[in-house]
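Contents: one structure, followed by commentary.
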Amino acid sequence: MEDVNEESQLQRGLTSGQVAMIALSGALGTGLFLGSGSVISYAGPATVISYALAGSLALAIVWALAEMVTVHPVPGGHGTVAAAYLGRFGGFVTRWNFAITMMVAVGAEVVASATYLTYWFPSLPLWLGTILCSVFIGALNMFSVHLYGSSEYWFSMIKVVAIVVFILLGLAVVAGLGGHDAVGARYLTEGGFLPKGVTGMLAAACMAVFAFGGIENVSVGAAESANPARDIPRAAHTMIWRLLIFYVGAILVVLMLQPWTETAAVAGTVEQSPFVKVLEITGVAGASHVMNAVLIVAALSAANGCLYSSSRMFHALAVDHEAPRFASRTNAKGAPRGAVALAMCGMALAAALAILSPGNVFMWLYGMATIGILVTWVMVMSTHLVFRRKRARAGLPLPVNRLWGSPVTNVVVLAASLAIFVSLYWLMPIAWYAGVPYILALSGGYWLLSRSRELPEPRDLLAESLAQAEATPENR
């Protein structure tokens with residue numbers, strides 16, 4: 001493997017708070033604020049359990065990632081760890097899949113941001129709004145990791161405050177505070193808690209999984225954290241209670257304040273967001289405008305986080321000669337501008353689609369992204385299984401912060417991911433039509449690259465851990 005010189009070195013400029021907020025950036029987005037109505041249509045009140053099930057899978061992924069990147073806080077995060085433990089093919093698929101998935105997600109989020117802007121500026125062309133949002137997000141990522149970390153911290157903080165205020169307002173109405181008649185929990189049981197049975201609840205869980213896409217950002221920031229051994233586990237800890245409270249708590253409030261059939265019967269517009277409806281019930285003036293502001297921040301935050309993750313993965317690939325060489329270079333402040341420019345291709349594609357409006361093509365990209373999330377989860381859990389096994393054979397102890405229940409937990413997540421993939425054939429056929437060719441193309445890409453150039457051996461992280469263990473005072 002090529003030695004990492006100063007021109008390709010990332011800098012550790014992220015604080016503990018910034019790492020924690022970056023971890024939340026992808027998981028708290030428009031999927032919760034705007035898309036929860038469609039998930040509720042599958043299961044009714046039992047959607048609360050669906051989100052809890054999906055969140056449990058996501059949290060298992062987070063802890064597997066935290067364990068591995070705390071031990072190996074390297075550029076490329078879990079992708080570089082996958083290359084070390086699964087070999088070149090495993091590392092290639094893990095890193096390219098994640099980089100492409102996040103790149104596509106960036107494009108989707110900037111289009112979403114531009115769409116929300118048209119609510120206030122109806123005459124603003126979608127393509128122009130997309131370009132403006134792209135330039136803004138690209139600038140935040142081009143200069144320094146500190147600027148990116150600061151902006152993402154405040155983006156995520158706004159989302160967190162918005163959700164907390166929403167939950168508190170909703171619970172006040174449920175309890176009959178502030179002059180409201182107590183609603184109680186009657187809407188959770190009217191018509192049955194499981195109106196569409198266990199099958200509907202599981203179908204909703206499959207769809208809810210994709211609301212948690214982006215949680216992998218917690219691993220990518222390890223190489224730029226000032227103290228990864230402290231910051232990454234802390235970020236994983238905060239994600240546990242925040243995601244459970246935010247998703248399960250917010251959805252529970254939505255379901256308690258109006259019949260689930262009303263929540264499910266929405267068209268996906270800002271005015272019909274389940275959150276807007278609830279804010280109107282609580283008496284918030286200009287609820288749709290408040291939620292539109294939150295949606296814009298949520299979309300920009302998700303785009304910011306996805307661009308960061310995609311660029312860092314491209315940077316790691318370039319260092320290993322598996323992506324264009326220019327993506328490996330960093331500026332004086334440690335920002336990989338070439339990798340950021342490469343990741344911004346997703347924005348360029350989004351702008352082109354916004355001009356041409358080929359909705360079918362955009363849905364194919366969305367289907368590819370959903371499959372990409374599942375591929376990421378499968379590769380993370382597979383890497384973790386080999387990571388544990390090889391370290392145990394080498395006599396290395398388990399990290400203090402680790403995934404509990406392994407290998408059983410890994411097998412459960414792998415089986416669930418496979419079941420979700422199969423179920424998407426009926427729930428979201430476009431994911432199969434776009435996703436299967438995408439997986440084949442990804443595998444074919446490695447085959448072509450490995451035959452066109454001599455690829456360096458992956459970094460031997462296990463040997464580095466053994467050397468480090470032997471060098472510690474207690475082992476001398």
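To be explicit about the labels: the chains of the structure tokens are called A, B, and onward in the order shown, and within each one the residues are counted from 1, while ligands get numbers from 1 in the order they are shown.
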
Residue contacts of Pro336 of chain A (8 Å, only C-alpha atoms) excluding same-chain residues fewer than 4 positions away, as a VMD selection string: chain A and resid 8 10 142 311 to 312 315 327 to 331 340

Those of segment 101-269 of chain A in DSSP helix (DSSP H, G or I), formatted as a count of residues only: 131

Shell of 8 Å around segment 117-120 of chain A, only C-alpha atoms, local chain residues under 6 positions omitted, as a list in words: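 In the requested format, the answer is Leu126, Gly129, Asn292 and Ile296 of chain A.
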
Could you save the residues just selected, with all heavy atoms, as a PDB file, in the first residue's frame?
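What follows is the written file result16.pdb:
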```pdb
ATOM      1  N   LEU A 126     -36.563  24.663 -10.081  1.00  0.00           N
ATOM      2  CA  LEU A 126     -36.001  23.598  -9.255  1.00  0.00           C
ATOM      3  C   LEU A 126     -34.520  23.401  -9.529  1.00  0.00           C
ATOM      4  O   LEU A 126     -33.731  23.185  -8.607  1.00  0.00           O
ATOM      5  CB  LEU A 126     -36.768  22.291  -9.502  1.00  0.00           C
ATOM      6  CG  LEU A 126     -36.378  21.108  -8.623  1.00  0.00           C
ATOM      7  CD1 LEU A 126     -36.649  21.406  -7.153  1.00  0.00           C
ATOM      8  CD2 LEU A 126     -37.119  19.856  -9.053  1.00  0.00           C
ATOM      9  N   GLY A 129     -32.515  26.161  -7.717  1.00  0.00           N
ATOM     10  CA  GLY A 129     -32.464  25.894  -6.282  1.00  0.00           C
ATOM     11  C   GLY A 129     -31.515  24.760  -5.954  1.00  0.00           C
ATOM     12  O   GLY A 129     -30.780  24.803  -4.970  1.00  0.00           O
ATOM     13  N   ASN A 292     -41.488  23.748   7.282  1.00  0.00           N
ATOM     14  CA  ASN A 292     -40.717  23.893   6.050  1.00  0.00           C
ATOM     15  C   ASN A 292     -39.287  24.325   6.359  1.00  0.00           C
ATOM     16  O   ASN A 292     -38.328  23.851   5.736  1.00  0.00           O
ATOM     17  CB  ASN A 292     -41.382  24.910   5.122  1.00  0.00           C
ATOM     18  CG  ASN A 292     -40.814  24.859   3.710  1.00  0.00           C
ATOM     19  OD1 ASN A 292     -40.821  23.810   3.084  1.00  0.00           O
ATOM     20  ND2 ASN A 292     -40.319  25.983   3.226  1.00  0.00           N
ATOM     21  N   ILE A 296     -35.940  22.111   5.444  1.00  0.00           N
ATOM     22  CA  ILE A 296     -34.788  22.622   4.693  1.00  0.00           C
ATOM     23  C   ILE A 296     -33.487  22.349   5.448  1.00  0.00           C
ATOM     24  O   ILE A 296     -32.505  21.870   4.879  1.00  0.00           O
ATOM     25  CB  ILE A 296     -34.950  24.134   4.411  1.00  0.00           C
ATOM     26  CG1 ILE A 296     -36.086  24.361   3.410  1.00  0.00           C
ATOM     27  CG2 ILE A 296     -33.651  24.733   3.871  1.00  0.00           C
ATOM     28  CD1 ILE A 296     -36.435  25.824   3.200  1.00  0.00           C
TER      29      ILE A 296
END
```

Shell of 6 Å around segment 43-57 of chain A, only C-alpha atoms, local chain residues under 4 positions omitted, as a VMD selection string: chain A and resid 188 193 to 194 196 200 to 201 204 to 205 208 to 209 248 260

Shell around segment 463-469 of chain A at 12 Å using only C-alpha atoms, local window under 2 positions removed, as a PyMOL selection string: chain A and resi 68+70-74+84-85+387+390-397+399+458-461+471-476

Can I get the selection written as a PDB file, in the first residue's frame, with C-alpha atoms?
```
ATOM      1  CA  MET A  68     -14.039  -1.515  14.878  1.00  0.00           C
ATOM      2  CA  THR A  70     -12.274   2.809  17.850  1.00  0.00           C
ATOM      3  CA  VAL A  71      -9.620   0.106  17.527  1.00  0.00           C
ATOM      4  CA  HIS A  72      -8.707   1.267  14.004  1.00  0.00           C
ATOM      5  CA  PRO A  73      -9.391   5.035  13.621  1.00  0.00           C
ATOM      6  CA  VAL A  74      -8.164   5.106  10.023  1.00  0.00           C
ATOM      7  CA  ALA A  84      -7.954  -5.276   6.087  1.00  0.00           C
ATOM      8  CA  TYR A  85     -10.154  -8.138   7.300  1.00  0.00           C
ATOM      9  CA  PHE A 387     -12.644  -8.782  12.925  1.00  0.00           C
ATOM     10  CA  LYS A 390      -9.033 -12.880  13.821  1.00  0.00           C
ATOM     11  CA  ARG A 391      -8.399 -10.752  16.896  1.00  0.00           C
ATOM     12  CA  ALA A 392      -9.433 -13.635  19.161  1.00  0.00           C
ATOM     13  CA  ARG A 393      -7.000 -15.963  17.372  1.00  0.00           C
ATOM     14  CA  ALA A 394      -4.247 -13.364  17.803  1.00  0.00           C
ATOM     15  CA  GLY A 395      -4.934 -13.206  21.538  1.00  0.00           C
ATOM     16  CA  LEU A 396      -6.071  -9.585  21.514  1.00  0.00           C
ATOM     17  CA  PRO A 397      -8.661  -8.586  24.124  1.00  0.00           C
ATOM     18  CA  PRO A 399     -12.517  -3.548  23.306  1.00  0.00           C
ATOM     19  CA  PRO A 458      -4.658  -3.631   2.028  1.00  0.00           C
ATOM     20  CA  ARG A 459      -3.277  -2.135   5.199  1.00  0.00           C
ATOM     21  CA  ASP A 460      -2.605  -4.887   7.758  1.00  0.00           C
ATOM     22  CA  LEU A 461      -4.518  -3.434  10.702  1.00  0.00           C
ATOM     23  CA  ALA A 471       4.902  -1.823  22.531  1.00  0.00           C
ATOM     24  CA  THR A 472       2.717  -0.939  25.523  1.00  0.00           C
ATOM     25  CA  PRO A 473       4.608  -0.800  28.866  1.00  0.00           C
ATOM     26  CA  GLU A 474       2.635  -3.649  30.464  1.00  0.00           C
ATOM     27  CA  ASN A 475       3.614  -6.002  27.628  1.00  0.00           C
ATOM     28  CA  ARG A 476       7.321  -5.176  27.592  1.00  0.00           C
TER      29      ARG A 476
END
```
